[in-house]
Amino acid sequence: MEKWNQTSNDFILLGLLSQNPTSLVLLSAIICVSVLALVGNSVMIRLIHLDPRLHTPMYLLLSQLSLMDLMDICTTVPNMVFNFFSGQKSISFLGCGVQSFFFLTMAGSEGLLLASMAYDRFVAICHPLHYPMRMSKRMCAKMVMGSWTLGSLNSLAHTVYALHLPYCRSRAINHFFCDVPAMLPLACLDTWVYEYMVFVSTSLFLLLPFLGIMASYGRVLFAVFHMRSKEGRKKAFTTCSTHLTVVTFYYAPFVYTYLRPRTLRSPAEDKTLAVFYTILTPMLNPIIYSLRNKEVLGAMERVFGIFSSRKK
């Protein structure tokens, strides 16, 4: 019972960077990237909401991706920056649980949503005549709700388990946010069963969707290769390759981090990989998926008046 009561104490986040001039430069770069991610994703959400021409399944999925990226950035970066400048690395027991819940929700939901987006492109390119039926607005709404619901339930299960563990060792989490695998070494009981469940969960929410995305884009690239139009083939190939690059940046670090046994994991390596899927990918998504799209650029001109001066 005494060990159980200790779980009400605060945790300590050791952070990503140490207190030195070099770390200050790196943190400044992280802040700039985070601001770009916030601005880019906010613009995309606003643009898709205001322009009726973007009220299609593809852009509805993109708006949800931008919303998830926004929440991902807001869940991890502000607290990390505050802890660095204030020197106060503690986080309350409840705050750690809230941070863990939202991070895991975004991770699982975004993994499923990216799979839905790959399926959307697969149907649009490989089965264009069936697209209105297979990707109706109702089906798109089901995909979005399914991603959020499954991601939230999975996150709730992991967070509740982590908060109910008896922590009798140091409460110093060697990470810059409350990541459940980083909390497990602090528990004073054997967590091998839970680590197996983490493996199963990661396979269901990250590995299987990633394989589905690879299969979808593989079919798409095969169809593109047989296109008669050289210009159309080049455009489709460029779009698919850039999408696959961002997907790989998101999934690969996640899968590599969460599928490895604890004995093969390094806290420093885990923190470095986490930068990819919590900071870099949210910044790249609006650029790769949206801002390089002519329809989006046209919508920016119509809604915000951007680029209109070029035509004068």
# chains A, B, ... in the order shown; residues from 1 in each chain; ligands from 1
$ residues_around --residues "Met44 (chain A)" --least-positions-apart "5" --cutoff "10 Å" --atoms "only C-alpha atoms" --output "list of chain:residue names"
A:Val39, A:His49, A:Leu50, A:Tyr59, A:Leu62, A:Ser63, A:Gln64, A:Leu65, A:Ser66, A:Leu67, A:Pro286, A:Ile287, A:Ser290, A:Leu291, A:Val296, A:Met300
$ write_last_selection --atoms "N, CA, C and O atoms" --output "PDB file, in the first residue's frame"
ATOM      1  N   VAL A  39       1.622  26.836 -37.957  1.00  0.00           N
ATOM      2  CA  VAL A  39       1.081  27.748 -38.964  1.00  0.00           C
ATOM      3  C   VAL A  39       0.595  26.971 -40.179  1.00  0.00           C
ATOM      4  O   VAL A  39      -0.522  27.188 -40.677  1.00  0.00           O
ATOM      5  N   HIS A  49     -11.803  24.343 -44.694  1.00  0.00           N
ATOM      6  CA  HIS A  49     -13.110  24.705 -44.142  1.00  0.00           C
ATOM      7  C   HIS A  49     -13.797  25.791 -44.971  1.00  0.00           C
ATOM      8  O   HIS A  49     -15.020  25.753 -45.163  1.00  0.00           O
ATOM      9  N   LEU A  50     -13.023  26.748 -45.495  1.00  0.00           N
ATOM     10  CA  LEU A  50     -13.614  27.908 -46.167  1.00  0.00           C
ATOM     11  C   LEU A  50     -13.886  27.679 -47.649  1.00  0.00           C
ATOM     12  O   LEU A  50     -14.833  28.241 -48.191  1.00  0.00           O
ATOM     13  N   TYR A  59      -9.606  15.889 -49.123  1.00  0.00           N
ATOM     14  CA  TYR A  59      -9.239  17.058 -48.326  1.00  0.00           C
ATOM     15  C   TYR A  59      -9.857  17.019 -46.932  1.00  0.00           C
ATOM     16  O   TYR A  59      -9.323  17.620 -45.993  1.00  0.00           O
ATOM     17  N   LEU A  62      -7.284  15.182 -45.157  1.00  0.00           N
ATOM     18  CA  LEU A  62      -6.138  16.056 -44.945  1.00  0.00           C
ATOM     19  C   LEU A  62      -6.363  17.022 -43.785  1.00  0.00           C
ATOM     20  O   LEU A  62      -5.450  17.305 -43.008  1.00  0.00           O
ATOM     21  N   SER A  63      -7.587  17.535 -43.675  1.00  0.00           N
ATOM     22  CA  SER A  63      -7.886  18.459 -42.574  1.00  0.00           C
ATOM     23  C   SER A  63      -7.779  17.755 -41.229  1.00  0.00           C
ATOM     24  O   SER A  63      -7.305  18.333 -40.245  1.00  0.00           O
ATOM     25  N   GLN A  64      -8.203  16.503 -41.172  1.00  0.00           N
ATOM     26  CA  GLN A  64      -8.083  15.739 -39.933  1.00  0.00           C
ATOM     27  C   GLN A  64      -6.618  15.434 -39.613  1.00  0.00           C
ATOM     28  O   GLN A  64      -6.207  15.442 -38.448  1.00  0.00           O
ATOM     29  N   LEU A  65      -5.824  15.170 -40.646  1.00  0.00           N
ATOM     30  CA  LEU A  65      -4.388  14.947 -40.444  1.00  0.00           C
ATOM     31  C   LEU A  65      -3.744  16.203 -39.863  1.00  0.00           C
ATOM     32  O   LEU A  65      -2.926  16.123 -38.936  1.00  0.00           O
ATOM     33  N   SER A  66      -4.118  17.372 -40.395  1.00  0.00           N
ATOM     34  CA  SER A  66      -3.571  18.630 -39.888  1.00  0.00           C
ATOM     35  C   SER A  66      -3.992  18.866 -38.441  1.00  0.00           C
ATOM     36  O   SER A  66      -3.198  19.352 -37.626  1.00  0.00           O
ATOM     37  N   LEU A  67      -5.239  18.521 -38.111  1.00  0.00           N
ATOM     38  CA  LEU A  67      -5.713  18.676 -36.732  1.00  0.00           C
ATOM     39  C   LEU A  67      -4.919  17.780 -35.779  1.00  0.00           C
ATOM     40  O   LEU A  67      -4.516  18.204 -34.685  1.00  0.00           O
ATOM     41  N   PRO A 286       1.868  19.280 -44.070  1.00  0.00           N
ATOM     42  CA  PRO A 286       1.151  20.273 -44.885  1.00  0.00           C
ATOM     43  C   PRO A 286       1.897  20.660 -46.149  1.00  0.00           C
ATOM     44  O   PRO A 286       1.275  21.049 -47.145  1.00  0.00           O
ATOM     45  N   ILE A 287       3.228  20.551 -46.126  1.00  0.00           N
ATOM     46  CA  ILE A 287       4.014  20.896 -47.319  1.00  0.00           C
ATOM     47  C   ILE A 287       3.878  19.804 -48.375  1.00  0.00           C
ATOM     48  O   ILE A 287       3.562  20.066 -49.542  1.00  0.00           O
ATOM     49  N   SER A 290      -0.162  18.945 -49.137  1.00  0.00           N
ATOM     50  CA  SER A 290      -1.123  19.995 -49.461  1.00  0.00           C
ATOM     51  C   SER A 290      -0.531  21.171 -50.220  1.00  0.00           C
ATOM     52  O   SER A 290      -1.000  21.516 -51.307  1.00  0.00           O
ATOM     53  N   LEU A 291       0.496  21.796 -49.655  1.00  0.00           N
ATOM     54  CA  LEU A 291       0.968  23.048 -50.224  1.00  0.00           C
ATOM     55  C   LEU A 291       1.632  22.881 -51.582  1.00  0.00           C
ATOM     56  O   LEU A 291       1.818  23.859 -52.295  1.00  0.00           O
ATOM     57  N   VAL A 296      -4.781  23.235 -53.892  1.00  0.00           N
ATOM     58  CA  VAL A 296      -4.612  23.957 -52.636  1.00  0.00           C
ATOM     59  C   VAL A 296      -4.080  25.360 -52.896  1.00  0.00           C
ATOM     60  O   VAL A 296      -4.534  26.333 -52.287  1.00  0.00           O
ATOM     61  N   MET A 300      -5.832  28.876 -51.933  1.00  0.00           N
ATOM     62  CA  MET A 300      -5.177  29.951 -51.184  1.00  0.00           C
ATOM     63  C   MET A 300      -5.350  31.283 -51.884  1.00  0.00           C
ATOM     64  O   MET A 300      -5.538  32.323 -51.239  1.00  0.00           O
TER      65      MET A 300
END
$ residues_around --residues "Arg138 (chain A)" --least-positions-apart "5" --cutoff "12 Å" --atoms "only C-alpha atoms" --output "list in words"
Thr56, Pro57, Leu60, Pro132, Met133, Met143, Val144 and Met145 of chain A
$ closest_residue --among "A:Cys96, A:Met214, A:Leu27, A:Val123" --to "Ala162 (chain A)" --atoms "only C-alpha atoms"
A:Cys96
$ closest_residue --among "A:Arg233, A:Arg171, A:Arg53, A:Arg219" --to "Ser92 (chain A)" --atoms "only C-alpha atoms"
A:Arg171
$ residues_around --residues "region 268-272 of chain A" --least-positions-apart "4" --cutoff "8 Å" --atoms "only C-alpha atoms" --output "PDB file with N, CA, C and O atoms, in the first residue's frame"
ATOM      1  N   LEU A  16      15.069  16.495 -23.575  1.00  0.00           N
ATOM      2  CA  LEU A  16      15.794  16.115 -24.784  1.00  0.00           C
ATOM      3  C   LEU A  16      17.199  16.694 -24.809  1.00  0.00           C
ATOM      4  O   LEU A  16      18.142  16.066 -25.295  1.00  0.00           O
ATOM      5  N   HIS A 175      13.023  11.023 -20.937  1.00  0.00           N
ATOM      6  CA  HIS A 175      12.362  11.416 -22.186  1.00  0.00           C
ATOM      7  C   HIS A 175      11.944  12.868 -22.057  1.00  0.00           C
ATOM      8  O   HIS A 175      12.054  13.457 -20.977  1.00  0.00           O
ATOM      9  N   PHE A 176      11.464  13.467 -23.186  1.00  0.00           N
ATOM     10  CA  PHE A 176      10.996  14.849 -23.084  1.00  0.00           C
ATOM     11  C   PHE A 176       9.473  14.941 -23.000  1.00  0.00           C
ATOM     12  O   PHE A 176       8.915  16.024 -22.983  1.00  0.00           O
ATOM     13  N   THR A 257      10.900   1.955 -32.628  1.00  0.00           N
ATOM     14  CA  THR A 257      10.950   2.250 -31.194  1.00  0.00           C
ATOM     15  C   THR A 257      10.112   1.274 -30.387  1.00  0.00           C
ATOM     16  O   THR A 257      10.554   0.733 -29.363  1.00  0.00           O
ATOM     17  N   PHE A 276      11.322  12.865 -34.829  1.00  0.00           N
ATOM     18  CA  PHE A 276      10.808  12.699 -36.184  1.00  0.00           C
ATOM     19  C   PHE A 276       9.280  12.705 -36.198  1.00  0.00           C
ATOM     20  O   PHE A 276       8.658  13.438 -36.966  1.00  0.00           O
TER      21      PHE A 276
END
$ closest_atom_pairs --of "region 267-292 of chain A" --to "region 107-121 of chain A" --cutoff "12 Å" --atoms "only C-alpha atoms" --output "JSON lines"
{"residue": "A:Ala274", "atom": "CA", "partner": "A:Ala107", "partner_atom": "CA", "distance": 11.2}
{"residue": "A:Tyr277", "atom": "CA", "partner": "A:Ala107", "partner_atom": "CA", "distance": 8.5}
{"residue": "A:Thr278", "atom": "CA", "partner": "A:Ala107", "partner_atom": "CA", "distance": 9.0}
{"residue": "A:Thr281", "atom": "CA", "partner": "A:Glu110", "partner_atom": "CA", "distance": 11.3}
{"residue": "A:Pro282", "atom": "CA", "partner": "A:Glu110", "partner_atom": "CA", "distance": 10.6}
{"residue": "A:Asn285", "atom": "CA", "partner": "A:Leu114", "partner_atom": "CA", "distance": 10.8}
{"residue": "A:Tyr289", "atom": "CA", "partner": "A:Met117", "partner_atom": "CA", "distance": 10.2}
$ atom_distance --atom1 "CA of Ile12 (chain A)" --atom2 "CA of Ala172 (chain A)"
4.5 Å
$ closest_residue --among "A:Ile48, A:Cys126, A:Ile73, A:Leu104" --to "His226 (chain A)" --atoms "only C-alpha atoms"
A:Cys126
$ select_by_dssp --residues "region 193-291 of chain A" --states "alpha helix (DSSP H)" --output "ChimeraX atom specification"
/A:193-202,208-225,230-259,267-275,281-285
$ write_last_selection --atoms "C-alpha atoms" --output "PDB file, in the first residue's frame"
ATOM      1  CA  VAL A 193       2.952  -9.046 -20.193  1.00  0.00           C
ATOM      2  CA  TYR A 194       2.269  -5.388 -20.849  1.00  0.00           C
ATOM      3  CA  GLU A 195       5.313  -5.120 -23.124  1.00  0.00           C
ATOM      4  CA  TYR A 196       3.839  -7.960 -25.150  1.00  0.00           C
ATOM      5  CA  MET A 197       0.570  -5.985 -25.383  1.00  0.00           C
ATOM      6  CA  VAL A 198       2.563  -2.962 -26.582  1.00  0.00           C
ATOM      7  CA  PHE A 199       3.969  -5.198 -29.329  1.00  0.00           C
ATOM      8  CA  VAL A 200       0.449  -6.330 -30.318  1.00  0.00           C
ATOM      9  CA  SER A 201      -0.923  -2.776 -30.203  1.00  0.00           C
ATOM     10  CA  THR A 202       1.946  -1.402 -32.278  1.00  0.00           C
ATOM     11  CA  LEU A 208      -0.353  -3.327 -40.340  1.00  0.00           C
ATOM     12  CA  PRO A 209      -1.481   0.126 -41.589  1.00  0.00           C
ATOM     13  CA  PHE A 210       2.074   0.762 -42.796  1.00  0.00           C
ATOM     14  CA  LEU A 211       2.066  -2.505 -44.759  1.00  0.00           C
ATOM     15  CA  GLY A 212      -1.366  -1.578 -46.134  1.00  0.00           C
ATOM     16  CA  ILE A 213      -0.034   1.800 -47.254  1.00  0.00           C
ATOM     17  CA  MET A 214       2.935   0.139 -48.956  1.00  0.00           C
ATOM     18  CA  ALA A 215       0.595  -2.257 -50.753  1.00  0.00           C
ATOM     19  CA  SER A 216      -1.759   0.555 -51.822  1.00  0.00           C
ATOM     20  CA  TYR A 217       1.003   2.748 -53.174  1.00  0.00           C
ATOM     21  CA  GLY A 218       2.613  -0.273 -54.785  1.00  0.00           C
ATOM     22  CA  ARG A 219      -0.586  -0.819 -56.780  1.00  0.00           C
ATOM     23  CA  VAL A 220      -0.752   2.901 -57.519  1.00  0.00           C
ATOM     24  CA  LEU A 221       2.813   3.021 -58.824  1.00  0.00           C
ATOM     25  CA  PHE A 222       2.139  -0.070 -60.938  1.00  0.00           C
ATOM     26  CA  ALA A 223      -0.882   1.664 -62.473  1.00  0.00           C
ATOM     27  CA  VAL A 224       1.120   4.875 -62.966  1.00  0.00           C
ATOM     28  CA  PHE A 225       3.881   2.962 -64.735  1.00  0.00           C
ATOM     29  CA  LYS A 230       4.260  10.804 -69.843  1.00  0.00           C
ATOM     30  CA  GLU A 231       3.378  14.032 -68.019  1.00  0.00           C
ATOM     31  CA  GLY A 232       0.624  12.337 -66.009  1.00  0.00           C
ATOM     32  CA  ARG A 233       2.947   9.464 -65.141  1.00  0.00           C
ATOM     33  CA  LYS A 234       5.634  11.873 -63.931  1.00  0.00           C
ATOM     34  CA  LYS A 235       3.173  13.885 -61.843  1.00  0.00           C
ATOM     35  CA  ALA A 236       1.606  10.820 -60.219  1.00  0.00           C
ATOM     36  CA  PHE A 237       5.003   9.241 -59.530  1.00  0.00           C
ATOM     37  CA  THR A 238       6.318  12.444 -57.914  1.00  0.00           C
ATOM     38  CA  THR A 239       3.212  12.726 -55.718  1.00  0.00           C
ATOM     39  CA  CYS A 240       3.345   9.092 -54.586  1.00  0.00           C
ATOM     40  CA  SER A 241       7.073   9.151 -53.878  1.00  0.00           C
ATOM     41  CA  THR A 242       6.816  12.283 -51.724  1.00  0.00           C
ATOM     42  CA  HIS A 243       3.830  10.846 -49.853  1.00  0.00           C
ATOM     43  CA  LEU A 244       5.740   7.633 -49.197  1.00  0.00           C
ATOM     44  CA  THR A 245       8.698   9.645 -47.905  1.00  0.00           C
ATOM     45  CA  VAL A 246       6.542  11.378 -45.269  1.00  0.00           C
ATOM     46  CA  VAL A 247       4.793   8.122 -44.364  1.00  0.00           C
ATOM     47  CA  THR A 248       8.172   6.442 -43.859  1.00  0.00           C
ATOM     48  CA  PHE A 249       9.366   9.337 -41.668  1.00  0.00           C
ATOM     49  CA  TYR A 250       6.299   8.841 -39.490  1.00  0.00           C
ATOM     50  CA  TYR A 251       5.959   5.065 -39.292  1.00  0.00           C
ATOM     51  CA  ALA A 252       9.566   3.841 -39.340  1.00  0.00           C
ATOM     52  CA  PRO A 253      10.720   5.532 -36.091  1.00  0.00           C
ATOM     53  CA  PHE A 254       7.472   4.520 -34.348  1.00  0.00           C
ATOM     54  CA  VAL A 255       7.717   0.872 -35.372  1.00  0.00           C
ATOM     55  CA  TYR A 256      11.440   0.696 -34.647  1.00  0.00           C
ATOM     56  CA  THR A 257      10.950   2.250 -31.194  1.00  0.00           C
ATOM     57  CA  TYR A 258       7.929   0.299 -29.997  1.00  0.00           C
ATOM     58  CA  LEU A 259       8.644  -3.135 -31.466  1.00  0.00           C
ATOM     59  CA  PRO A 267      16.799   6.259 -24.118  1.00  0.00           C
ATOM     60  CA  ALA A 268      18.957   8.648 -26.141  1.00  0.00           C
ATOM     61  CA  GLU A 269      18.057   6.872 -29.379  1.00  0.00           C
ATOM     62  CA  ASP A 270      14.357   6.769 -28.480  1.00  0.00           C
ATOM     63  CA  LYS A 271      14.327  10.524 -27.827  1.00  0.00           C
ATOM     64  CA  THR A 272      16.058  11.264 -31.113  1.00  0.00           C
ATOM     65  CA  LEU A 273      13.605   9.095 -33.052  1.00  0.00           C
ATOM     66  CA  ALA A 274      10.683  10.721 -31.244  1.00  0.00           C
ATOM     67  CA  VAL A 275      11.701  14.076 -32.739  1.00  0.00           C
ATOM     68  CA  THR A 281       6.595  15.012 -39.612  1.00  0.00           C
ATOM     69  CA  PRO A 282       3.864  17.487 -38.499  1.00  0.00           C
ATOM     70  CA  MET A 283       5.891  20.228 -40.206  1.00  0.00           C
ATOM     71  CA  LEU A 284       6.384  18.233 -43.419  1.00  0.00           C
ATOM     72  CA  ASN A 285       2.802  16.993 -43.778  1.00  0.00           C
TER      73      ASN A 285
END
$ atom_distance --atom1 "CA of Leu14 (chain A)" --atom2 "CA of Ile30 (chain A)"
17.1 Å
$ decode --residues "region 249-268 of chain A" --atoms "N, CA, C and O atoms" --output "JSON list (two decimals), in the first residue's frame"
[["chain", "number", "residue", "atom", "x", "y", "z"],
["A", 249, "PHE", "N", 8.86, 8.53, -42.78],
["A", 249, "PHE", "CA", 9.37, 9.34, -41.67],
["A", 249, "PHE", "C", 8.50, 9.17, -40.43],
["A", 249, "PHE", "O", 9.00, 9.24, -39.30],
["A", 250, "TYR", "N", 7.21, 8.96, -40.64],
["A", 250, "TYR", "CA", 6.30, 8.84, -39.49],
["A", 250, "TYR", "C", 6.31, 7.42, -38.91],
["A", 250, "TYR", "O", 6.46, 7.25, -37.70],
["A", 251, "TYR", "N", 6.14, 6.44, -39.76],
["A", 251, "TYR", "CA", 5.96, 5.06, -39.29],
["A", 251, "TYR", "C", 7.25, 4.40, -38.84],
["A", 251, "TYR", "O", 7.28, 3.72, -37.81],
["A", 252, "ALA", "N", 8.32, 4.57, -39.62],
["A", 252, "ALA", "CA", 9.57, 3.84, -39.34],
["A", 252, "ALA", "C", 10.10, 4.08, -37.93],
["A", 252, "ALA", "O", 10.41, 3.12, -37.22],
["A", 253, "PRO", "N", 10.23, 5.33, -37.47],
["A", 253, "PRO", "CA", 10.72, 5.53, -36.09],
["A", 253, "PRO", "C", 9.78, 4.95, -35.04],
["A", 253, "PRO", "O", 10.23, 4.40, -34.04],
["A", 254, "PHE", "N", 8.46, 5.08, -35.28],
["A", 254, "PHE", "CA", 7.47, 4.52, -34.35],
["A", 254, "PHE", "C", 7.65, 3.00, -34.23],
["A", 254, "PHE", "O", 7.75, 2.45, -33.12],
["A", 255, "VAL", "N", 7.63, 2.33, -35.37],
["A", 255, "VAL", "CA", 7.72, 0.87, -35.37],
["A", 255, "VAL", "C", 9.04, 0.41, -34.78],
["A", 255, "VAL", "O", 9.09, -0.53, -33.97],
["A", 256, "TYR", "N", 10.12, 1.08, -35.16],
["A", 256, "TYR", "CA", 11.44, 0.70, -34.65],
["A", 256, "TYR", "C", 11.52, 0.89, -33.13],
["A", 256, "TYR", "O", 12.12, 0.08, -32.42],
["A", 257, "THR", "N", 10.90, 1.95, -32.63],
["A", 257, "THR", "CA", 10.95, 2.25, -31.19],
["A", 257, "THR", "C", 10.11, 1.27, -30.39],
["A", 257, "THR", "O", 10.55, 0.73, -29.36],
["A", 258, "TYR", "N", 8.88, 1.03, -30.83],
["A", 258, "TYR", "CA", 7.93, 0.30, -30.00],
["A", 258, "TYR", "C", 7.97, -1.21, -30.19],
["A", 258, "TYR", "O", 7.42, -1.95, -29.36],
["A", 259, "LEU", "N", 8.59, -1.69, -31.25],
["A", 259, "LEU", "CA", 8.64, -3.13, -31.47],
["A", 259, "LEU", "C", 9.92, -3.77, -30.94],
["A", 259, "LEU", "O", 10.03, -4.99, -30.89],
["A", 260, "ARG", "N", 10.89, -2.95, -30.54],
["A", 260, "ARG", "CA", 12.13, -3.52, -30.00],
["A", 260, "ARG", "C", 11.95, -3.94, -28.54],
["A", 260, "ARG", "O", 11.24, -3.28, -27.79],
["A", 261, "PRO", "N", 12.59, -5.02, -28.13],
["A", 261, "PRO", "CA", 12.59, -5.39, -26.71],
["A", 261, "PRO", "C", 13.30, -4.32, -25.89],
["A", 261, "PRO", "O", 14.16, -3.58, -26.40],
["A", 262, "ARG", "N", 12.96, -4.23, -24.60],
["A", 262, "ARG", "CA", 13.54, -3.22, -23.73],
["A", 262, "ARG", "C", 15.06, -3.33, -23.67],
["A", 262, "ARG", "O", 15.77, -2.32, -23.56],
["A", 263, "THR", "N", 15.58, -4.56, -23.74],
["A", 263, "THR", "CA", 17.03, -4.76, -23.62],
["A", 263, "THR", "C", 17.80, -4.16, -24.78],
["A", 263, "THR", "O", 19.00, -3.89, -24.67],
["A", 264, "LEU", "N", 17.14, -3.95, -25.91],
["A", 264, "LEU", "CA", 17.81, -3.41, -27.09],
["A", 264, "LEU", "C", 17.56, -1.92, -27.27],
["A", 264, "LEU", "O", 18.02, -1.32, -28.24],
["A", 265, "ARG", "N", 16.83, -1.30, -26.34],
["A", 265, "ARG", "CA", 16.45, 0.10, -26.49],
["A", 265, "ARG", "C", 17.43, 1.00, -25.77],
["A", 265, "ARG", "O", 17.97, 0.66, -24.71],
["A", 266, "SER", "N", 17.64, 2.18, -26.34],
["A", 266, "SER", "CA", 18.48, 3.20, -25.74],
["A", 266, "SER", "C", 17.65, 4.47, -25.56],
["A", 266, "SER", "O", 17.05, 4.95, -26.53],
["A", 267, "PRO", "N", 17.59, 5.04, -24.34],
["A", 267, "PRO", "CA", 16.80, 6.26, -24.12],
["A", 267, "PRO", "C", 17.20, 7.40, -25.04],
["A", 267, "PRO", "O", 16.34, 8.12, -25.57],
["A", 268, "ALA", "N", 18.50, 7.57, -25.26],
["A", 268, "ALA", "CA", 18.96, 8.65, -26.14],
["A", 268, "ALA", "C", 18.46, 8.43, -27.57],
["A", 268, "ALA", "O", 18.04, 9.37, -28.25]]
